[in-house]
>>> print(open('work20.tsv').read())   # TSV, C-alpha atoms
chain	number	residue	atom	x	y	z
S	1	MET	CA	0.81	25.06	-15.46
S	2	GLU	CA	0.43	23.60	-11.99
S	3	LEU	CA	-2.57	21.67	-13.25
S	4	HIS	CA	-0.41	19.96	-15.86
S	5	ILE	CA	2.13	18.98	-13.20
S	6	LEU	CA	-0.60	17.66	-10.92
S	7	LEU	CA	-2.21	15.65	-13.71
S	8	ILE	CA	1.08	14.12	-14.82
S	9	PHE	CA	1.78	13.21	-11.20
S	10	MET	CA	-1.66	11.61	-10.98
S	11	ILE	CA	-1.11	9.55	-14.13
S	12	PHE	CA	2.28	8.41	-12.84
S	13	ALA	CA	0.85	7.43	-9.43
S	14	ALA	CA	-2.03	5.62	-11.12
S	15	ILE	CA	0.36	3.58	-13.26
S	16	VAL	CA	2.34	2.72	-10.12
S	17	ALA	CA	-0.89	1.74	-8.34
S	18	ILE	CA	-1.92	-0.55	-11.17
S	19	GLU	CA	1.44	-2.15	-11.83
S	20	VAL	CA	3.13	-2.62	-8.44
S	21	LYS	CA	3.16	-6.14	-7.03
S	22	ASP	CA	2.45	-5.45	-3.36
S	23	LEU	CA	-1.21	-4.76	-2.65
S	24	LEU	CA	-0.62	-2.40	0.27
S	25	SER	CA	1.76	-0.25	-1.81
S	26	SER	CA	-0.86	-0.18	-4.52
S	27	VAL	CA	-3.48	1.12	-2.08
S	28	ILE	CA	-1.10	3.82	-0.84
S	29	ALA	CA	-0.40	4.88	-4.44
S	30	VAL	CA	-4.10	5.25	-5.18
S	31	GLY	CA	-4.30	7.40	-2.07
S	32	ALA	CA	-1.65	9.63	-3.62
S	33	VAL	CA	-3.86	9.95	-6.71
S	34	GLY	CA	-6.81	10.98	-4.55
S	35	PHE	CA	-4.92	13.62	-2.60
S	36	ALA	CA	-3.49	15.05	-5.81
S	37	LEU	CA	-7.07	15.24	-7.08
S	38	CYS	CA	-7.95	17.18	-3.93
S	39	LEU	CA	-5.18	19.68	-4.72
S	40	ALA	CA	-6.37	19.90	-8.31
S	41	PHE	CA	-9.86	20.80	-7.11
S	42	LEU	CA	-8.35	23.58	-5.02
S	43	VAL	CA	-6.48	24.91	-8.06
S	44	LEU	CA	-9.69	24.71	-10.11
S	45	LYS	CA	-11.49	27.00	-7.60
S	46	ALA	CA	-13.74	24.33	-6.12
S	47	PRO	CA	-13.16	24.43	-2.34
S	48	ASP	CA	-16.29	22.45	-1.42
S	49	LEU	CA	-15.18	19.61	-3.65
S	50	ALA	CA	-11.68	19.67	-2.17
S	51	ILE	CA	-13.02	19.27	1.36
S	52	THR	CA	-15.38	16.45	0.36
S	53	GLN	CA	-12.68	14.69	-1.65
S	54	LEU	CA	-10.30	14.83	1.32
S	55	VAL	CA	-12.80	13.21	3.69
S	56	VAL	CA	-13.93	10.60	1.15
S	57	GLU	CA	-10.33	9.75	0.27
S	58	ILE	CA	-9.41	9.08	3.89
S	59	LEU	CA	-12.47	6.83	4.33
S	60	CYS	CA	-11.68	5.03	1.06
S	61	LEU	CA	-8.10	4.38	2.18
S	62	ILE	CA	-9.28	2.96	5.49
S	63	ILE	CA	-11.72	0.63	3.73
S	64	LEU	CA	-9.16	-0.49	1.15
S	65	ILE	CA	-6.47	-1.13	3.78
S	66	ARG	CA	-8.99	-3.16	5.77
S	67	ALA	CA	-9.52	-5.31	2.69
S	68	THR	CA	-5.89	-5.85	1.82
S	69	ILE	CA	-4.06	-6.08	5.13
S	70	ASN	CA	-2.57	-9.52	5.80
S	71	LYS	CA	-4.07	-10.83	2.59
S	72	ASP	CA	-1.22	-10.59	0.15
S	73	LEU	CA	-0.86	-13.40	-2.31
S	74	PRO	CA	1.64	-14.19	-5.04
S	75	LEU	CA	0.04	-14.03	-8.45
S	76	VAL	CA	0.67	-16.93	-10.77
S	77	ILE	CA	2.15	-16.66	-14.23
S	78	GLU	CA	-0.62	-15.49	-16.51
S	79	GLY	CA	-1.73	-17.51	-19.47
S	80	ARG	CA	-2.83	-16.02	-22.80
S	81	TRP	CA	-0.77	-12.94	-22.13
S	82	ILE	CA	-0.71	-11.62	-25.69
S	83	PHE	CA	-4.43	-12.10	-26.32
S	84	ASN	CA	-5.44	-10.36	-23.10
S	85	THR	CA	-3.17	-7.39	-23.66
S	86	LEU	CA	-4.21	-6.99	-27.28
S	87	SER	CA	-7.94	-7.08	-26.48
S	88	THR	CA	-7.43	-4.57	-23.67
S	89	LEU	CA	-5.53	-2.22	-25.95
S	90	GLY	CA	-8.28	-2.62	-28.54
S	91	PHE	CA	-10.92	-1.53	-26.06
S	92	ILE	CA	-8.79	1.47	-25.03
S	93	ALA	CA	-8.36	2.41	-28.70
S	94	VAL	CA	-12.13	2.32	-29.26
S	95	PHE	CA	-12.62	4.47	-26.17
S	96	LEU	CA	-10.04	7.00	-27.34
S	97	LEU	CA	-11.63	7.18	-30.80
S	98	PHE	CA	-15.06	8.00	-29.43
S	99	SER	CA	-13.69	10.43	-26.87
S	100	TRP	CA	-11.79	12.23	-29.64
S	101	LEU	CA	-15.03	12.57	-31.57
S	102	ALA	CA	-16.76	13.90	-28.44
S	103	LEU	CA	-13.97	16.34	-27.53
S	104	LYS	CA	-14.40	18.19	-30.82
S	105	GLU	CA	-17.90	19.22	-29.76
S	106	LEU	CA	-16.97	20.51	-26.32
S	107	PRO	CA	-16.31	24.20	-25.59
S	108	ARG	CA	-12.65	25.12	-25.36
S	109	PHE	CA	-10.91	24.89	-22.01
S	110	GLY	CA	-11.40	27.98	-19.85
S	111	GLU	CA	-14.51	29.27	-21.60
S	112	PRO	CA	-17.58	27.45	-20.28
S	113	ILE	CA	-21.04	28.08	-21.72
S	114	MET	CA	-22.89	28.64	-18.40
S	115	GLU	CA	-26.43	28.99	-19.71
S	116	VAL	CA	-28.17	27.24	-16.82
S	117	VAL	CA	-26.19	28.95	-14.10
S	118	LYS	CA	-27.30	32.43	-15.17
S	119	LYS	CA	-30.72	31.94	-13.66
S	120	TYR	CA	-29.35	30.35	-10.50
S	121	LEU	CA	-26.95	33.23	-10.07
S	122	GLN	CA	-29.61	35.91	-10.45
S	123	GLU	CA	-32.13	34.29	-8.14
S	124	GLY	CA	-29.77	32.46	-5.81
S	125	VAL	CA	-29.43	34.87	-2.93
S	126	SER	CA	-32.97	36.19	-2.99
S	127	LYS	CA	-34.63	32.78	-3.24
S	128	THR	CA	-32.44	30.59	-1.05
S	129	GLY	CA	-30.42	32.97	1.09
S	130	ALA	CA	-27.25	30.93	0.49
S	131	VAL	CA	-24.17	32.93	-0.42
S	132	ASN	CA	-22.33	29.88	-1.68
S	133	ILE	CA	-23.91	29.03	-5.03
S	134	VAL	CA	-22.81	25.37	-4.96
S	135	THR	CA	-24.65	24.93	-1.70
S	136	ALA	CA	-27.68	26.73	-3.10
S	137	VAL	CA	-27.75	24.37	-6.07
S	138	ILE	CA	-27.34	21.08	-4.22
S	139	LEU	CA	-29.54	21.87	-1.25
S	140	ASP	CA	-32.25	24.00	-2.83
S	141	PHE	CA	-32.57	23.99	-6.61
S	142	ARG	CA	-31.65	20.34	-6.97
S	143	ALA	CA	-32.55	19.03	-3.56
S	144	TYR	CA	-34.10	15.88	-4.99
S	145	ASP	CA	-30.67	14.89	-6.31
S	146	THR	CA	-29.30	15.15	-2.80
S	147	LEU	CA	-32.21	13.14	-1.45
S	148	GLY	CA	-31.44	10.44	-4.04
S	149	GLU	CA	-27.79	10.54	-3.02
S	150	ALA	CA	-28.72	9.89	0.61
S	151	THR	CA	-30.95	7.03	-0.57
S	152	VAL	CA	-28.05	5.51	-2.49
S	153	LEU	CA	-25.80	5.79	0.57
S	154	PHE	CA	-28.26	4.02	2.85
S	155	THR	CA	-28.95	1.37	0.21
S	156	SER	CA	-25.24	0.63	0.00
S	157	VAL	CA	-25.07	0.40	3.79
S	158	ILE	CA	-27.90	-2.15	3.72
S	159	GLY	CA	-26.06	-4.05	0.99
S	160	ILE	CA	-22.81	-4.13	2.97
S	161	MET	CA	-24.63	-5.35	6.07
S	162	ALA	CA	-26.31	-8.10	4.05
S	163	ILE	CA	-23.04	-9.20	2.48
S	164	LEU	CA	-20.77	-9.04	5.51
S	165	ARG	CA	-23.06	-10.38	8.24
S	166	ARG	CA	-22.08	-13.57	10.03
S	167	PRO	CA	-23.90	-16.59	8.66
S	168	GLY	CA	-26.41	-18.16	10.99
S	169	ARG	CA	-26.33	-21.62	12.47
S	170	LYS	CA	-25.96	-24.38	9.89
S	171	LYS	CA	-28.46	-27.16	9.55
S	172	LYS	CA	-27.44	-30.60	10.69
S	173	ASN	CA	-27.68	-32.38	7.36
S	174	GLU	CA	-25.53	-29.74	5.69
S	175	LYS	CA	-21.82	-30.35	5.74
C	176	MET	CA	-7.10	20.85	-24.66
C	177	ILE	CA	-3.94	19.23	-23.31
C	178	LEU	CA	-5.61	19.03	-19.92
C	179	TYR	CA	-8.60	17.19	-21.39
C	180	PHE	CA	-6.22	14.77	-23.03
C	181	LEU	CA	-4.26	14.15	-19.82
C	182	CYS	CA	-7.54	13.52	-18.03
C	183	LEU	CA	-8.45	10.94	-20.69
C	184	MET	CA	-5.05	9.32	-20.20
C	185	LEU	CA	-5.82	8.94	-16.49
C	186	PHE	CA	-9.15	7.35	-17.42
C	187	CYS	CA	-7.36	4.95	-19.77
C	188	VAL	CA	-4.98	3.86	-17.01
C	189	GLY	CA	-7.98	2.96	-14.88
C	190	LEU	CA	-9.64	1.18	-17.81
C	191	TYR	CA	-6.48	-0.86	-18.37
C	192	GLY	CA	-6.51	-1.85	-14.70
C	193	VAL	CA	-10.13	-2.96	-14.85
C	194	LEU	CA	-9.79	-4.93	-18.07
C	195	ARG	CA	-6.36	-6.47	-17.75
C	196	LYS	CA	-5.61	-7.21	-14.10
C	197	ARG	CA	-6.64	-10.48	-12.49
C	198	ASN	CA	-6.49	-9.39	-8.87
C	199	ILE	CA	-9.84	-8.13	-7.60
C	200	VAL	CA	-8.28	-5.37	-5.51
C	201	LYS	CA	-6.41	-4.09	-8.55
C	202	MET	CA	-9.66	-3.99	-10.50
C	203	ILE	CA	-11.33	-2.01	-7.70
C	204	ILE	CA	-8.42	0.41	-7.72
C	205	GLY	CA	-8.84	0.81	-11.47
C	206	LEU	CA	-12.52	1.57	-10.93
C	207	GLY	CA	-11.58	4.24	-8.40
C	208	ILE	CA	-9.10	5.82	-10.78
C	209	MET	CA	-11.74	5.98	-13.52
C	210	GLU	CA	-14.07	7.69	-11.07
C	211	TYR	CA	-11.41	10.27	-10.16
C	212	ALA	CA	-10.82	11.00	-13.85
C	213	MET	CA	-14.52	11.52	-14.54
C	214	ASN	CA	-14.95	13.89	-11.59
C	215	LEU	CA	-11.90	15.87	-12.64
C	216	PHE	CA	-13.19	16.06	-16.22
C	217	PHE	CA	-16.50	17.57	-15.16
C	218	VAL	CA	-14.78	20.21	-13.06
C	219	LEU	CA	-12.35	20.97	-15.89
C	220	ILE	CA	-15.27	21.65	-18.25
C	221	GLY	CA	-16.65	24.26	-15.85
C	222	TYR	CA	-13.35	26.08	-15.30
C	223	ARG	CA	-12.89	29.68	-16.44
C	224	PHE	CA	-9.54	31.40	-16.78
C	225	HIS	CA	-8.93	33.78	-13.87
C	226	GLY	CA	-12.33	32.87	-12.49
C	227	ARG	CA	-13.17	33.02	-8.82
C	228	ALA	CA	-14.78	30.44	-6.59
C	229	PRO	CA	-18.60	30.49	-6.91
C	230	ILE	CA	-19.28	32.39	-3.73
C	231	ASP	CA	-21.42	35.50	-3.99
C	232	ALA	CA	-19.81	38.93	-3.63
C	233	LYS	CA	-20.58	42.51	-4.60
C	234	ASP	CA	-19.02	42.53	-8.03
C	235	GLN	CA	-19.59	38.87	-8.79
C	236	ASN	CA	-21.11	38.26	-12.20
C	237	ILE	CA	-21.22	35.43	-14.66
C	238	PHE	CA	-17.98	36.38	-16.39
C	239	ASN	CA	-15.60	36.23	-13.46
C	240	MET	CA	-16.57	32.99	-11.76
C	241	VAL	CA	-16.19	29.31	-12.51
C	242	ASP	CA	-19.27	27.26	-13.34
C	243	PRO	CA	-20.89	26.07	-10.08
C	244	LEU	CA	-23.26	23.53	-11.65
C	245	PRO	CA	-20.68	20.79	-12.48
C	246	GLN	CA	-19.23	21.27	-9.01
C	247	ALA	CA	-22.61	20.63	-7.41
C	248	LEU	CA	-23.14	17.48	-9.48
C	249	VAL	CA	-19.62	16.19	-8.84
C	250	LEU	CA	-20.16	16.68	-5.12
C	251	THR	CA	-22.98	14.15	-5.35
C	252	SER	CA	-20.88	11.88	-7.53
C	253	ILE	CA	-17.95	11.76	-5.08
C	254	VAL	CA	-20.14	10.56	-2.22
C	255	ILE	CA	-21.80	7.93	-4.39
C	256	GLY	CA	-18.32	6.81	-5.43
C	257	LEU	CA	-17.51	6.18	-1.78
C	258	ALA	CA	-20.65	4.05	-1.44
C	259	ILE	CA	-19.72	2.04	-4.55
C	260	THR	CA	-16.17	1.45	-3.30
C	261	ALA	CA	-17.39	0.29	0.10
C	262	LEU	CA	-19.91	-2.12	-1.45
C	263	VAL	CA	-17.42	-3.60	-3.92
C	264	ILE	CA	-14.76	-4.00	-1.23
C	265	SER	CA	-17.20	-5.81	1.00
C	266	ILE	CA	-17.97	-8.23	-1.84
C	267	ALA	CA	-14.21	-8.74	-2.32
C	268	ILE	CA	-13.73	-9.47	1.40
C	269	ARG	CA	-16.55	-12.01	1.23
C	270	ILE	CA	-14.98	-13.68	-1.82
C	271	TYR	CA	-11.66	-13.88	0.02
C	272	GLU	CA	-13.34	-15.47	3.02
C	273	LYS	CA	-15.02	-18.08	0.85
C	274	TYR	CA	-12.30	-18.93	-1.67
C	275	GLY	CA	-9.10	-17.78	0.03
C	276	THR	CA	-7.86	-15.84	-2.98
C	277	PHE	CA	-8.26	-12.57	-4.83
C	278	ASP	CA	-7.41	-14.12	-8.21
C	279	ILE	CA	-10.46	-14.12	-10.46
C	280	THR	CA	-9.37	-17.19	-12.45
C	281	LYS	CA	-9.22	-19.28	-9.26
C	282	ILE	CA	-12.82	-18.57	-8.34
C	283	LYS	CA	-14.48	-21.43	-10.14
C	284	ARG	CA	-16.46	-23.44	-7.65
C	285	LEU	CA	-20.11	-22.53	-7.91
C	286	LYS	CA	-21.29	-24.02	-4.67
C	287	GLY	CA	-24.03	-22.56	-2.50
>>> encode(input="work20.tsv", output="structure tokens")
Amino acid sequence: MELHILLIFMIFAAIVAIEVKDLLSSVIAVGAVGFALCLAFLVLKAPDLAITQLVVEILCLIILIRATINKDLPLVIEGRWIFNTLSTLGFIAVFLLFSWLALKELPRFGEPIMEVVKKYLQEGVSKTGAVNIVTAVILDFRAYDTLGEATVLFTSVIGIMAILRRPGRKKKNEK
Amino acid sequence: MILYFLCLMLFCVGLYGVLRKRNIVKMIIGLGIMEYAMNLFFVLIGYRFHGRAPIDAKDQNIFNMVDPLPQALVLTSIVIGLAITALVISIAIRIYEKYGTFDITKIKRLKG
């Protein structure tokens, strides 16, 4: 029951974040969505995820506030309002159709299949020595995934440095 | 099943933000909301009623714990989501420096 309340709160905060005019209020509302997601992870018995989500959410908020502070602008009246809204709703309808088809194949809520985990659970403590099975999976059985994650992080840092660096001295013939 | 549907509704709100809004920051926020919905969906699939957290104990077996595999994958996904958000925001800051606006219809000059 508390999961339903949390999810409805998240949907409400997301609608507020999308629709409110002020950019800073919008960023704060998306922060509310993230912290509610952190609580939902706690309710779903995933404490590692809750800790990570908390840290990542705080960093995300700092980055987003850095982007939006002092940069508010009034949006102009939008042209082609009906066409844009109708095409957007069409895309959402297509998405909902396919997701409905996919949801029929999933196991029911609360009864996961857990075929792969059986082996990890039997061999986890003896092979890795980690009591926490999530840690055993990400750092031992699937360590290459974690290595790829670190690679993605450093690649994005290189990208940010390349995008945000100060431009060098301009040539004389350039304006 | 209602929880799956609510999670899809959250995803649709983010999709609406990405497709419909003209402010770049609003589109990034929509992207973030979609990412939250996907992470939550994976964890919801692995949930078991009255299950315990996947930490080993004496009487822990496969029928009284939640599925740890989606949690491990989502842990990777959350961190990559942070990297994506940081990269996209830096591009948005650069666009604001160059064009002085976040409105995507005003960004028309293709110079240098």
>>> atom_distance(input="work20.tsv", atom1="CA of Thr155 (chain S)", atom2="CA of Ser252 (chain C)")
15.3 Å
>>> interface_residues(input="work20.tsv", of="chain S", to="chain C", cutoff="7 Å", atoms="all atoms listed in the file", output="JSON, numbers by chain")
{"S": [4, 7, 11, 14, 15, 18, 30, 44, 45, 46, 49, 53, 56, 60, 63, 67, 84, 85, 88, 92, 109, 110, 111, 112, 114, 117, 118, 131, 132, 133, 134, 137, 138, 146, 149, 152, 153, 156, 159, 160, 163, 164]}
>>> atom_distance(input="work20.tsv", atom1="CA of Leu39 (chain S)", atom2="CA of Leu3 (chain S)")
9.1 Å
>>> closest_residue(input="work20.tsv", among="S:Leu106, S:Ala17, S:Val27, S:Ala150", to="Phe217 (chain C)", atoms="only C-alpha atoms")
S:Leu106
